[in-house]
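Data file: target12.txt. Format and content: compact mmCIF, C-alpha atoms.
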```
# COMPACT_ATOMS: atom_id res chain seq x y z
CA MET A 1 -10.36 21.61 25.01
CA LEU A 2 -6.67 21.31 25.83
CA THR A 3 -5.72 21.35 29.49
CA THR A 4 -2.60 23.17 30.68
CA ASN A 5 -0.90 19.80 30.82
CA GLY A 6 -1.91 19.17 27.24
CA LEU A 7 -0.57 22.54 26.17
CA CYS A 8 2.78 21.78 27.78
CA ARG A 9 2.95 18.48 25.98
CA GLY A 10 2.14 20.25 22.73
CA LEU A 11 4.97 22.74 23.28
CA PHE A 12 7.35 19.90 24.10
CA LEU A 13 6.43 18.08 20.90
CA THR A 14 6.97 21.26 18.91
CA ALA A 15 10.47 21.48 20.36
CA VAL A 16 11.06 17.84 19.43
CA LEU A 17 9.79 18.54 15.94
CA LEU A 18 12.22 21.39 15.46
CA ALA A 19 15.03 19.07 16.51
CA VAL A 20 14.13 16.14 14.27
CA HIS A 21 12.71 18.01 11.28
CA PRO A 22 15.42 20.54 10.38
CA GLY A 23 14.16 23.62 8.69
CA TYR A 24 10.59 23.26 9.96
CA ALA A 25 9.01 26.61 10.71
CA ALA A 26 5.59 28.09 10.23
CA THR A 27 5.45 30.96 7.78
CA GLU A 28 2.83 33.55 7.04
CA THR A 29 2.58 32.42 3.44
CA VAL A 30 2.01 28.72 4.14
CA PRO A 31 -1.33 27.83 5.76
CA PRO A 32 -1.11 25.43 8.70
CA PRO A 33 -1.95 21.79 7.96
CA ALA A 34 -5.20 20.20 9.09
CA PRO A 35 -5.08 19.22 12.79
CA TRP A 36 -4.64 15.49 12.06
CA LEU A 37 -1.81 16.27 9.67
CA GLN A 38 -0.16 18.38 12.35
CA VAL A 39 0.06 15.20 14.42
CA ILE A 40 2.07 13.64 11.61
CA ARG A 41 4.24 16.73 11.17
CA ASP A 42 4.97 16.57 14.90
CA THR A 43 5.90 12.88 14.85
CA PRO A 44 9.67 12.33 15.20
CA TYR A 45 11.19 10.21 12.47
CA VAL A 46 12.47 7.75 15.06
CA PHE A 47 8.85 6.72 15.72
CA SER A 48 9.09 4.80 12.44
CA ASP A 49 11.17 2.17 14.24
CA GLY A 50 8.74 -0.77 14.48
CA PHE A 51 5.96 1.09 12.64
CA TYR A 52 5.50 -1.60 10.00
CA GLN A 53 5.13 -4.39 12.55
CA ASN A 54 2.63 -2.39 14.58
CA ILE A 55 0.34 -1.30 11.78
CA SER A 56 0.55 -4.54 9.82
CA ILE A 57 -0.98 -6.31 12.82
CA ILE A 58 -3.99 -4.01 12.63
CA ARG A 59 -4.36 -4.35 8.87
CA ARG A 60 -4.26 -8.14 9.20
CA TRP A 61 -7.13 -7.98 11.67
CA VAL A 62 -9.12 -5.93 9.17
CA LEU A 63 -8.31 -7.83 5.96
CA LEU A 64 -8.36 -11.33 7.47
CA GLU A 65 -11.24 -10.66 9.91
CA GLN A 66 -9.18 -11.66 12.92
CA SER A 67 -8.84 -10.71 16.60
CA TYR A 68 -10.78 -7.51 17.40
CA CYS A 69 -12.12 -7.58 13.83
CA GLY A 70 -13.45 -11.11 14.19
CA GLU A 71 -16.81 -9.33 14.30
CA PRO A 72 -17.30 -6.90 11.41
CA ASP A 73 -19.45 -4.31 13.20
CA ARG A 74 -16.57 -2.71 15.09
CA HIS A 75 -14.06 0.11 14.86
CA ILE A 76 -10.47 0.00 16.10
CA LEU A 77 -8.29 2.97 17.03
CA PHE A 78 -4.51 3.30 16.73
CA ASP A 79 -1.86 5.94 17.35
CA GLN A 80 0.88 7.64 15.33
CA ARG A 81 3.19 4.66 15.86
CA GLY A 82 0.61 2.27 14.43
CA ARG A 83 -0.11 0.80 17.88
CA PHE A 84 -3.56 -0.56 18.67
CA LEU A 85 -5.32 1.44 21.39
CA THR A 86 -8.90 0.27 21.75
CA TRP A 87 -12.06 -0.80 19.92
CA PHE A 88 -15.82 -0.40 20.14
CA GLU A 89 -18.99 -2.02 18.86
CA ASN A 90 -20.62 0.07 16.14
CA GLU A 91 -23.55 2.27 17.03
CA ALA A 92 -26.80 2.36 15.08
CA THR A 93 -25.88 5.25 12.76
CA VAL A 94 -22.83 6.82 11.16
CA ALA A 95 -23.35 9.99 13.21
CA GLU A 96 -23.48 7.99 16.44
CA ASN A 97 -20.31 6.15 15.43
CA GLN A 98 -18.55 9.47 14.92
CA GLN A 99 -19.71 10.72 18.30
CA ARG A 100 -18.53 7.51 19.97
CA LEU A 101 -15.14 7.78 18.22
CA ASN A 102 -14.62 11.29 19.52
CA GLN A 103 -15.65 10.30 23.03
CA LEU A 104 -13.07 7.50 23.00
CA ARG A 105 -10.43 9.86 21.63
CA ASP A 106 -11.06 12.20 24.53
CA THR A 107 -10.94 9.31 27.01
CA LEU A 108 -7.63 8.04 25.62
CA TYR A 109 -6.21 11.55 25.99
CA GLN A 110 -7.49 11.90 29.56
CA GLU A 111 -5.90 8.54 30.39
CA ASP A 112 -2.60 9.88 29.01
CA ARG A 113 -2.45 7.13 26.36
CA VAL A 114 -2.08 9.69 23.56
CA HIS A 115 -0.46 13.12 23.63
CA ARG A 116 -3.48 14.86 22.06
CA TRP A 117 -6.85 14.13 20.56
CA ILE A 118 -8.56 15.65 17.55
CA ALA A 119 -12.26 15.39 16.82
CA GLY A 120 -13.16 13.82 13.52
CA SER A 121 -16.24 14.42 11.39
CA ALA A 122 -17.81 13.25 8.15
CA THR A 123 -15.28 15.38 6.25
CA GLU A 124 -12.30 15.59 8.61
CA THR A 125 -9.93 12.88 9.85
CA GLY A 126 -9.59 12.67 13.62
CA TYR A 127 -6.85 11.46 15.92
CA PRO A 128 -6.21 8.81 17.20
CA PHE A 129 -6.80 7.25 13.81
CA ALA A 130 -9.65 4.80 13.28
CA LEU A 131 -10.39 1.84 11.01
CA ARG A 132 -13.65 0.06 10.34
CA CYS A 133 -13.45 -3.69 10.68
CA ASP A 134 -16.11 -4.07 8.00
CA GLN A 135 -14.49 -3.73 4.57
CA PRO A 136 -17.24 -4.82 2.16
CA HIS A 137 -15.04 -4.41 -0.92
CA VAL A 138 -12.43 -6.82 0.50
CA ASP A 139 -12.85 -10.59 0.50
CA LEU A 140 -9.36 -12.07 0.45
CA ASP A 141 -10.50 -15.68 0.60
CA ALA A 142 -12.80 -15.30 -2.43
CA ALA A 143 -10.15 -13.34 -4.36
CA ILE A 144 -7.47 -15.96 -3.68
CA ASP A 145 -9.84 -18.74 -4.74
CA ARG A 146 -10.42 -16.91 -8.04
CA LEU A 147 -6.69 -16.40 -8.49
CA LEU A 148 -5.89 -20.07 -7.86
CA GLY A 149 -8.79 -21.40 -9.95
CA ILE A 150 -10.29 -23.43 -7.09
CA ASP A 151 -13.62 -23.32 -8.91
CA PRO A 152 -13.12 -24.63 -12.48
CA ALA A 153 -15.36 -21.79 -13.68
CA ASP A 154 -12.62 -19.34 -12.65
CA ARG A 155 -9.93 -20.98 -14.80
CA VAL A 156 -8.81 -19.14 -17.91
CA TRP A 157 -7.08 -19.44 -21.26
CA GLY A 158 -5.99 -17.01 -23.90
CA THR A 159 -3.47 -15.82 -26.45
CA TRP A 160 -1.59 -12.56 -26.61
CA ASP A 161 1.42 -11.23 -28.50
CA GLY A 162 2.76 -14.62 -29.55
CA MET A 163 1.90 -16.32 -26.24
CA SER A 164 -0.69 -18.99 -25.59
CA ALA A 165 -1.74 -19.80 -22.03
CA GLY A 166 -3.91 -22.85 -21.45
CA SER A 167 -6.60 -23.77 -23.96
CA GLU A 168 -10.35 -23.74 -24.25
CA GLN A 169 -10.32 -27.48 -23.52
CA GLU A 170 -7.80 -27.21 -20.67
CA PRO A 171 -8.00 -23.79 -19.00
CA ILE A 172 -5.50 -22.96 -16.26
CA ALA A 173 -5.48 -21.06 -12.98
CA LEU A 174 -5.28 -17.29 -13.38
CA VAL A 175 -2.08 -17.19 -11.32
CA ASP A 176 -0.37 -19.52 -13.81
CA LEU A 177 -1.42 -17.32 -16.72
CA VAL A 178 -0.16 -14.21 -14.91
CA LEU A 179 3.23 -15.71 -14.07
CA GLN A 180 3.68 -16.99 -17.62
CA VAL A 181 2.99 -13.60 -19.18
CA PHE A 182 5.03 -11.71 -16.58
CA ASN A 183 8.09 -13.89 -17.07
CA ASP A 184 7.82 -13.87 -20.87
CA LYS A 185 7.42 -10.10 -21.16
CA ALA A 186 10.12 -9.38 -18.57
CA ALA A 187 12.56 -11.65 -20.42
CA ARG A 188 11.81 -10.01 -23.77
CA GLN A 189 12.41 -6.56 -22.30
CA GLY A 190 15.53 -7.47 -20.34
CA PHE A 191 13.78 -6.66 -17.07
CA GLN A 192 15.08 -8.79 -14.18
CA PRO A 193 12.92 -8.24 -11.08
CA ASP A 194 13.84 -10.09 -7.91
CA ASP A 195 11.62 -12.69 -6.27
CA ALA A 196 10.10 -10.14 -3.88
CA VAL A 197 8.74 -8.08 -6.79
CA MET A 198 7.38 -11.17 -8.53
CA GLU A 199 5.57 -12.30 -5.39
CA ALA A 200 4.25 -8.81 -4.67
CA PHE A 201 2.85 -8.63 -8.20
CA ILE A 202 0.56 -11.55 -7.36
CA GLY A 203 -0.50 -9.81 -4.15
CA GLN A 204 -1.21 -6.65 -6.12
CA ILE A 205 -3.73 -8.46 -8.30
CA VAL A 206 -5.63 -9.52 -5.18
CA ILE A 207 -5.62 -6.00 -3.73
CA GLU A 208 -6.14 -4.07 -6.97
CA SER A 209 -9.10 -5.99 -8.39
CA GLY A 210 -9.90 -9.00 -6.20
CA ALA A 211 -8.60 -11.05 -9.18
CA ARG A 212 -11.63 -9.96 -11.22
CA LYS A 213 -11.41 -9.21 -14.92
CA GLU A 214 -14.44 -6.91 -14.90
CA SER A 215 -13.19 -4.46 -12.32
CA PHE A 216 -13.67 -0.68 -12.50
CA SER A 217 -12.79 2.15 -10.13
CA ALA A 218 -14.09 5.68 -9.63
CA SER A 219 -10.77 6.99 -10.96
CA ARG A 220 -11.38 5.20 -14.30
CA ALA A 221 -8.85 2.46 -13.62
CA VAL A 222 -9.94 -0.83 -15.15
CA GLY A 223 -9.25 -4.53 -15.22
CA LEU A 224 -7.14 -7.02 -13.35
CA LEU A 225 -4.38 -4.54 -12.49
CA GLN A 226 -6.48 -1.37 -12.38
CA LEU A 227 -4.75 0.44 -15.22
CA ARG A 228 -6.08 3.75 -16.48
CA PRO A 229 -7.05 4.02 -20.17
CA GLU A 230 -4.22 6.46 -20.91
CA VAL A 231 -1.67 4.02 -19.46
CA LEU A 232 -3.06 1.20 -21.58
CA ALA A 233 -2.92 3.51 -24.61
CA ASP A 234 0.75 4.23 -23.85
CA CYS A 235 1.27 0.46 -23.90
CA GLU A 236 -0.33 0.44 -27.39
CA ILE A 237 -3.17 -1.77 -26.15
CA ALA A 238 -6.26 -1.32 -28.34
CA GLU A 239 -9.38 -0.31 -26.40
CA ARG A 240 -11.14 -3.60 -27.18
CA PHE A 241 -8.36 -5.40 -25.28
CA HIS A 242 -8.27 -3.12 -22.21
CA LEU A 243 -9.83 -5.82 -20.01
CA HIS A 244 -7.87 -8.69 -21.56
CA ARG A 245 -6.00 -10.19 -18.64
CA MET A 246 -2.86 -11.07 -20.58
CA ALA A 247 -2.79 -7.55 -22.06
CA GLN A 248 -3.15 -6.08 -18.56
CA VAL A 249 -0.16 -8.08 -17.31
CA ASP A 250 1.81 -7.12 -20.43
CA CYS A 251 1.20 -3.42 -19.79
CA ALA A 252 1.93 -3.72 -16.06
CA VAL A 253 5.31 -5.33 -16.77
CA ARG A 254 6.17 -2.47 -19.13
CA LEU A 255 5.17 -0.01 -16.41
CA TYR A 256 7.34 -1.83 -13.89
CA GLN A 257 10.30 -1.75 -16.24
CA GLN A 258 9.84 1.96 -16.94
CA ASN A 259 9.57 2.68 -13.22
CA ASP A 260 12.68 0.59 -12.56
CA ARG A 261 14.66 2.50 -15.17
CA ASN A 262 13.71 5.84 -13.64
CA LEU A 263 13.77 4.89 -9.96
CA ARG A 264 17.04 2.97 -9.72
CA PRO A 265 19.51 5.87 -10.24
CA VAL A 266 17.60 8.16 -7.84
CA PHE A 267 17.31 5.38 -5.28
CA ASP A 268 20.99 4.49 -5.53
CA GLN A 269 21.96 8.10 -5.00
CA ARG A 270 19.98 8.21 -1.74
CA PHE A 271 20.27 4.64 -0.43
CA GLY A 272 23.09 3.07 -2.44
CA HIS A 273 25.33 2.91 0.65
CA LEU A 274 22.99 0.54 2.53
CA PRO A 275 24.02 -3.11 3.06
CA ASP A 276 23.07 -5.22 0.04
CA ASP A 277 20.16 -7.12 1.59
CA GLN A 278 18.55 -4.07 3.21
CA ARG A 279 19.07 -1.99 0.08
CA GLU A 280 17.48 -4.48 -2.31
CA GLN A 281 14.56 -5.25 0.00
CA LEU A 282 13.82 -1.54 0.30
CA TYR A 283 14.14 -1.05 -3.45
CA SER A 284 11.63 -3.84 -4.12
CA LEU A 285 9.15 -2.23 -1.74
CA LEU A 286 9.50 1.19 -3.36
CA LEU A 287 9.14 -0.29 -6.84
CA VAL A 288 5.81 -1.77 -5.75
CA GLN A 289 4.81 1.56 -4.18
CA ALA A 290 5.65 3.34 -7.44
CA TYR A 291 3.02 1.24 -9.21
CA HIS A 292 0.38 2.59 -6.83
CA GLY A 293 1.55 6.16 -6.30
CA GLY A 294 3.37 6.93 -9.53
CA ILE A 295 7.07 7.17 -10.27
CA GLY A 296 7.10 10.97 -10.10
CA ARG A 297 5.82 10.92 -6.55
CA LEU A 298 8.41 8.32 -5.49
CA MET A 299 11.21 10.37 -7.00
CA GLN A 300 10.02 13.39 -5.00
CA LEU A 301 10.15 11.27 -1.82
CA LEU A 302 13.81 10.53 -2.57
CA GLY A 303 14.73 14.05 -3.64
CA ASP A 304 16.25 17.09 -1.95
CA ASP A 305 13.09 19.17 -1.46
CA GLU A 306 10.66 19.05 1.48
CA PRO A 307 9.15 15.61 0.65
CA GLY A 308 12.68 14.17 0.63
CA ALA A 309 13.49 15.15 4.23
CA ALA A 310 12.31 11.82 5.61
CA ALA A 311 14.46 9.89 3.11
CA GLN A 312 17.48 11.96 4.10
CA HIS A 313 16.96 11.01 7.75
CA PHE A 314 16.42 7.31 7.03
CA ALA A 315 19.46 7.18 4.75
CA ALA A 316 21.64 8.74 7.46
CA ASP A 317 20.41 6.41 10.24
CA ALA A 318 19.34 3.33 8.25
CA GLY A 319 20.71 0.83 10.77
CA ARG A 320 17.86 1.71 13.13
CA TYR A 321 15.09 0.70 10.72
CA SER A 322 13.84 -2.29 8.74
CA PRO A 323 13.29 -1.84 4.98
CA GLU A 324 9.54 -1.96 5.65
CA ASP A 325 9.81 0.77 8.29
CA ILE A 326 11.69 3.02 5.87
CA ALA A 327 9.25 2.41 3.00
CA LEU A 328 6.25 3.23 5.18
CA GLY A 329 8.03 6.10 6.90
CA LEU A 330 8.60 7.86 3.58
CA VAL A 331 4.83 7.83 3.01
CA PHE A 332 3.69 8.47 6.59
CA HIS A 333 5.80 11.58 7.13
CA ASN A 334 4.57 13.00 3.82
CA MET A 335 0.85 12.38 4.15
CA GLY A 336 -0.97 15.53 3.13
CA ARG A 337 1.81 16.34 0.67
CA ILE A 338 2.01 15.37 -3.03
CA SER A 339 -1.41 13.68 -2.81
CA LEU A 340 -0.38 11.03 -0.29
CA GLY A 341 -3.03 9.76 2.10
CA LEU A 342 -3.90 6.81 4.27
CA ASP A 343 -4.60 4.64 1.22
CA SER A 344 -0.98 5.10 0.14
CA LEU A 345 0.16 4.14 3.64
CA TYR A 346 -1.89 0.96 3.65
CA TYR A 347 -1.04 -0.17 0.12
CA LEU A 348 2.30 -1.89 0.74
CA ILE A 349 1.00 -3.53 3.91
CA ASP A 350 -2.10 -4.85 2.19
CA VAL A 351 -0.10 -6.18 -0.77
CA ARG A 352 2.25 -7.98 1.62
CA ILE A 353 -0.68 -9.52 3.55
CA ALA A 354 -2.32 -10.67 0.31
CA THR A 355 0.97 -12.09 -0.97
CA GLU A 356 1.52 -14.05 2.24
CA ALA A 357 -2.03 -15.40 2.07
CA VAL A 358 -1.54 -16.57 -1.53
CA CYS A 359 1.80 -18.18 -0.66
CA ALA A 360 0.22 -19.97 2.30
CA ALA A 361 -2.65 -21.25 0.15
CA GLN A 362 -0.38 -22.44 -2.66
CA PRO A 363 3.34 -22.33 -1.74
CA GLY A 364 4.47 -23.19 -5.26
CA VAL A 365 3.35 -19.76 -6.43
CA CYS A 366 6.14 -18.18 -4.39
CA GLU A 367 8.94 -20.42 -5.63
CA PRO A 368 11.24 -18.83 -8.22
CA VAL A 369 10.11 -19.57 -11.75
CA THR A 370 12.95 -20.59 -14.05
CA ASP A 371 11.50 -22.10 -17.23
CA ALA A 372 7.90 -21.16 -17.89
CA THR A 373 6.63 -23.51 -20.56
CA GLN A 374 4.49 -21.91 -23.21
CA SER A 375 3.36 -22.31 -26.77
CA THR A 376 3.19 -19.49 -29.27
CA SER A 377 0.41 -18.02 -31.32
CA SER A 378 0.34 -15.15 -33.74
CA ASP A 379 -3.23 -14.21 -32.69
CA PRO A 380 -2.95 -11.00 -30.63
CA GLY A 381 -5.96 -11.49 -28.41
CA GLN A 382 -8.17 -14.54 -28.47
CA SER A 383 -10.36 -14.76 -25.40
CA ASP A 384 -8.89 -15.11 -21.97
```
Kindly return the structure encoded in the file as structure tokens.
Amino acid sequence: MLTTNGLCRGLFLTAVLLAVHPGYAATETVPPPAPWLQVIRDTPYVFSDGFYQNISIIRRWVLLEQSYCGEPDRHILFDQRGRFLTWFENEATVAENQQRLNQLRDTLYQEDRVHRWIAGSATETGYPFALRCDQPHVDLDAAIDRLLGIDPADRVWGTWDGMSAGSEQEPIALVDLVLQVFNDKAARQGFQPDDAVMEAFIGQIVIESGARKESFSASRAVGLLQLRPEVLADCEIAERFHLHRMAQVDCAVRLYQQNDRNLRPVFDQRFGHLPDDQREQLYSLLLVQAYHGGIGRLMQLLGDDEPGAAAQHFAADAGRYSPEDIALGLVFHNMGRISLGLDSLYYLIDVRIATEAVCAAQPGVCEPVTDATQSTSSDPGQSD
């Protein structure tokens, strides 16, 4: 139950919202958002200043099993600015965990550490937000070992579209195969991604599939880069090659190039006035996000309709924010719209964490590749 003090704070935040979100007004024809989404709608854009740094700390704890997530059987809570608030040891059951979460949310509100609290349930997100430390589908160390071919059994070879990577007698690390195919296909297509995109592509493989060839998702995405069958069909990849790692990279490069061709003019119209370094860093981040969320969604985030309001603010006051803050802010302020959720918010952060971990494990992976040596083969798909 909200106290009178809480009600006053809610009215104040509504006034702030009207000031920072021009045109916001409830209407009889538009149902109100879920309570947790109302928190986001009420969050001033300026709260994005430092958001990336705050929330990336928490995601590192989760993905790298560090700090408060050094023990897996815990939950951590954070606020609308991505700031860590508190943690607790898991209870015996899911229901007890939910009850404990809501008790802590209430306590944080009573201590005036958050401006409101919202009870969560099995089907509803609560606020402050919560993350489980235990992420059974994530094992960065094992994924990076597979990527780098630490175990000889994880090394690969194959041929595809005139390329030959490694050999049956001398297989190579998966990361070397990926970089060879990426650079070859990009060069053929006249696609010139910057180093940040190249490095992020390696991180994406870790996050998308754990560097596993036989990887399948509930949304029917398959393979190393979690491509849907219809996307692979658009790339003219025969079904028998859908899991072929070189074919997956081939198709992903084509998707990147297509996204680049569509995103660049829209991006330049909105952010073309930014200083060169900030502009290109932001563009690289959004190009990676387009892979996850789809180019149509990214173009809406940069447009003139409601989802584009955040971009309009960031473009007008870009000197306040880092490229990372802007990229995350575009997603955060639109969660609950155009099918954007917490997974979309976490994606760029997780890719960056994975990329940094790969670069730390094998720095040469993150050095610009100039001349990738390769031999050619006319066989379109011998085993990789």
Pick out the residues sitting within 10 Å of Met335 of chain A, and hand them over as a ChimeraX atom specification; count only C-alpha atoms, and ignore anything fewer than 6 positions along from it in its own chain.
-> /A:37,40-41,307,329,341-345
Between A:Asp145, A:Glu91, A:Asp260, A:Glu239, which one has atoms that come closest to Gln192 of chain A, using only C-alpha atoms?
-> A:Asp260
Nearest residue to Phe201 of chain A from the set A:Arg132, A:Arg83, A:Arg261, A:His292 (distances using all atoms listed in the file) =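 Closest candidate: A:His292.
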Name the closest residue to Cys133 of chain A among the candidates A:Phe88, A:Trp160, A:Phe271, A:Trp117; distances are taken between atoms, counting all atoms listed in the file.
->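 Residue with the minimum atom-to-atom distance to Cys133 of chain A: A:Phe88.
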Excluding Asp194 of chain A and any residue of its chain fewer than 4 positions from it, enumerate the residues within 10 Å of it, using all atoms listed in the file, and give them as a PyMOL selection string.
-> chain A and resi 198-199+280-281+284+368
Counting only C-alpha atoms, the residue of A:Val156, A:Leu227, A:Val266, A:Ala143 that sits nearest Leu177 of chain A =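 Residue with the minimum atom-to-atom distance to Leu177 of chain A: A:Val156.
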Ref. answer, residues at most 6 Å from (0.4, -2.8, 15.4) with all atoms listed in the file, as a list in words | Gln53, Asn54, Ile55, Ser56, Ile57, Ile58, Gly82, Arg83 and Phe84 of chain A
Of the listed residues A:Pro44, A:Gly364, A:Gly272, A:Gly126, that which approaches Leu77 of chain A most closely, counting all atoms listed in the file =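 Smallest distance to Leu77 of chain A is found for A:Gly126.
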Contact residues around Val365 of chain A with only C-alpha atoms at 10 Å, ignoring same-chain residues under 5 positions, as a PyMOL selection string = chain A and resi 148+175-176+179+198-199+202+355+358-360
Write out as a PyMOL selection string each polymer residue whose atoms come within 9 Å of Arg352 of chain A, counting all atoms listed in the file; drop sequence neighbours fewer than 5 positions from it.
-> chain A and resi 199-200+203-204+347+357
What is the atom CA of Asp184 of chain A-atom CA of Tyr256 of chain A distance in Å, reported with one decimal?
->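 We find that atom CA of Asp184 of chain A and atom CA of Tyr256 of chain A lie 13.9 Å from each other.
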To one decimal in Å, tell me the separation between atom CA of Tyr45 of chain A and atom CA of Asp277 of chain A.
-> 22.3 Å
Selected residue, from A:Arg146, A:Phe191, A:Arg113, A:Gly303, that lies nearest to Leu224 of chain A when counting only C-alpha atoms | A:Arg146
Show which residues sit within 8 Å of Glu324 of chain A, as an MDAnalysis selection string. Count only C-alpha atoms, and ignore same-chain residues fewer than 6 positions away.
-> chainID A and resid 52 282 285
Any idea what the distance is between atom CA of Gln66 of chain A and atom CA of Asp49 of chain A?
->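 Here the two named atoms are 24.6 Å from each other.
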Taking the block above, write segment 216-230 of chain A with N, CA, C and O atoms as a CSV table (one decimal), in the first residue's frame.
```csv
chain,number,residue,atom,x,y,z
A,216,PHE,N,19.9,-25.1,-30.4
A,216,PHE,CA,18.6,-24.9,-30.8
A,216,PHE,C,17.8,-24.1,-29.8
A,216,PHE,O,18.0,-24.3,-28.6
A,217,SER,N,17.0,-23.2,-30.2
A,217,SER,CA,16.2,-22.4,-29.3
A,217,SER,C,14.7,-22.6,-29.4
A,217,SER,O,14.3,-23.2,-30.4
A,218,ALA,N,13.9,-22.2,-28.4
A,218,ALA,CA,12.5,-22.4,-28.5
A,218,ALA,C,11.9,-21.6,-29.6
A,218,ALA,O,10.8,-21.9,-30.1
A,219,SER,N,12.5,-20.6,-30.1
A,219,SER,CA,12.0,-19.8,-31.2
A,219,SER,C,12.4,-20.3,-32.6
A,219,SER,O,12.3,-19.6,-33.6
A,220,ARG,N,13.0,-21.5,-32.6
A,220,ARG,CA,13.4,-22.2,-33.8
A,220,ARG,C,14.7,-21.7,-34.4
A,220,ARG,O,15.0,-22.0,-35.5
A,221,ALA,N,15.4,-20.8,-33.7
A,221,ALA,CA,16.7,-20.4,-34.1
A,221,ALA,C,17.7,-21.6,-33.9
A,221,ALA,O,17.6,-22.3,-33.0
A,222,VAL,N,18.6,-21.7,-34.9
A,222,VAL,CA,19.5,-22.9,-34.8
A,222,VAL,C,21.0,-22.5,-35.1
A,222,VAL,O,21.3,-21.4,-35.7
A,223,GLY,N,21.9,-23.3,-34.6
A,223,GLY,CA,23.3,-23.2,-35.0
A,223,GLY,C,24.1,-22.2,-34.2
A,223,GLY,O,23.7,-21.6,-33.2
A,224,LEU,N,25.3,-22.0,-34.7
A,224,LEU,CA,26.3,-21.2,-34.1
A,224,LEU,C,25.8,-19.8,-33.8
A,224,LEU,O,26.1,-19.2,-32.8
A,225,LEU,N,25.1,-19.2,-34.7
A,225,LEU,CA,24.7,-17.8,-34.6
A,225,LEU,C,23.2,-17.7,-34.5
A,225,LEU,O,22.6,-16.6,-34.7
A,226,GLN,N,22.5,-18.8,-34.1
A,226,GLN,CA,21.1,-18.8,-33.8
A,226,GLN,C,20.2,-18.1,-34.9
A,226,GLN,O,19.6,-17.1,-34.6
A,227,LEU,N,20.4,-18.6,-36.1
A,227,LEU,CA,19.6,-18.1,-37.2
A,227,LEU,C,18.3,-18.9,-37.5
A,227,LEU,O,18.4,-20.1,-37.3
A,228,ARG,N,17.3,-18.2,-37.7
A,228,ARG,CA,16.0,-18.9,-38.0
A,228,ARG,C,16.0,-19.6,-39.4
A,228,ARG,O,16.7,-19.0,-40.3
A,229,PRO,N,15.3,-20.7,-39.6
A,229,PRO,CA,15.3,-21.3,-40.9
A,229,PRO,C,14.9,-20.4,-42.1
A,229,PRO,O,15.5,-20.5,-43.2
A,230,GLU,N,14.0,-19.5,-41.9
A,230,GLU,CA,13.6,-18.6,-43.0
A,230,GLU,C,14.7,-17.6,-43.3
A,230,GLU,O,14.9,-17.2,-44.5
```
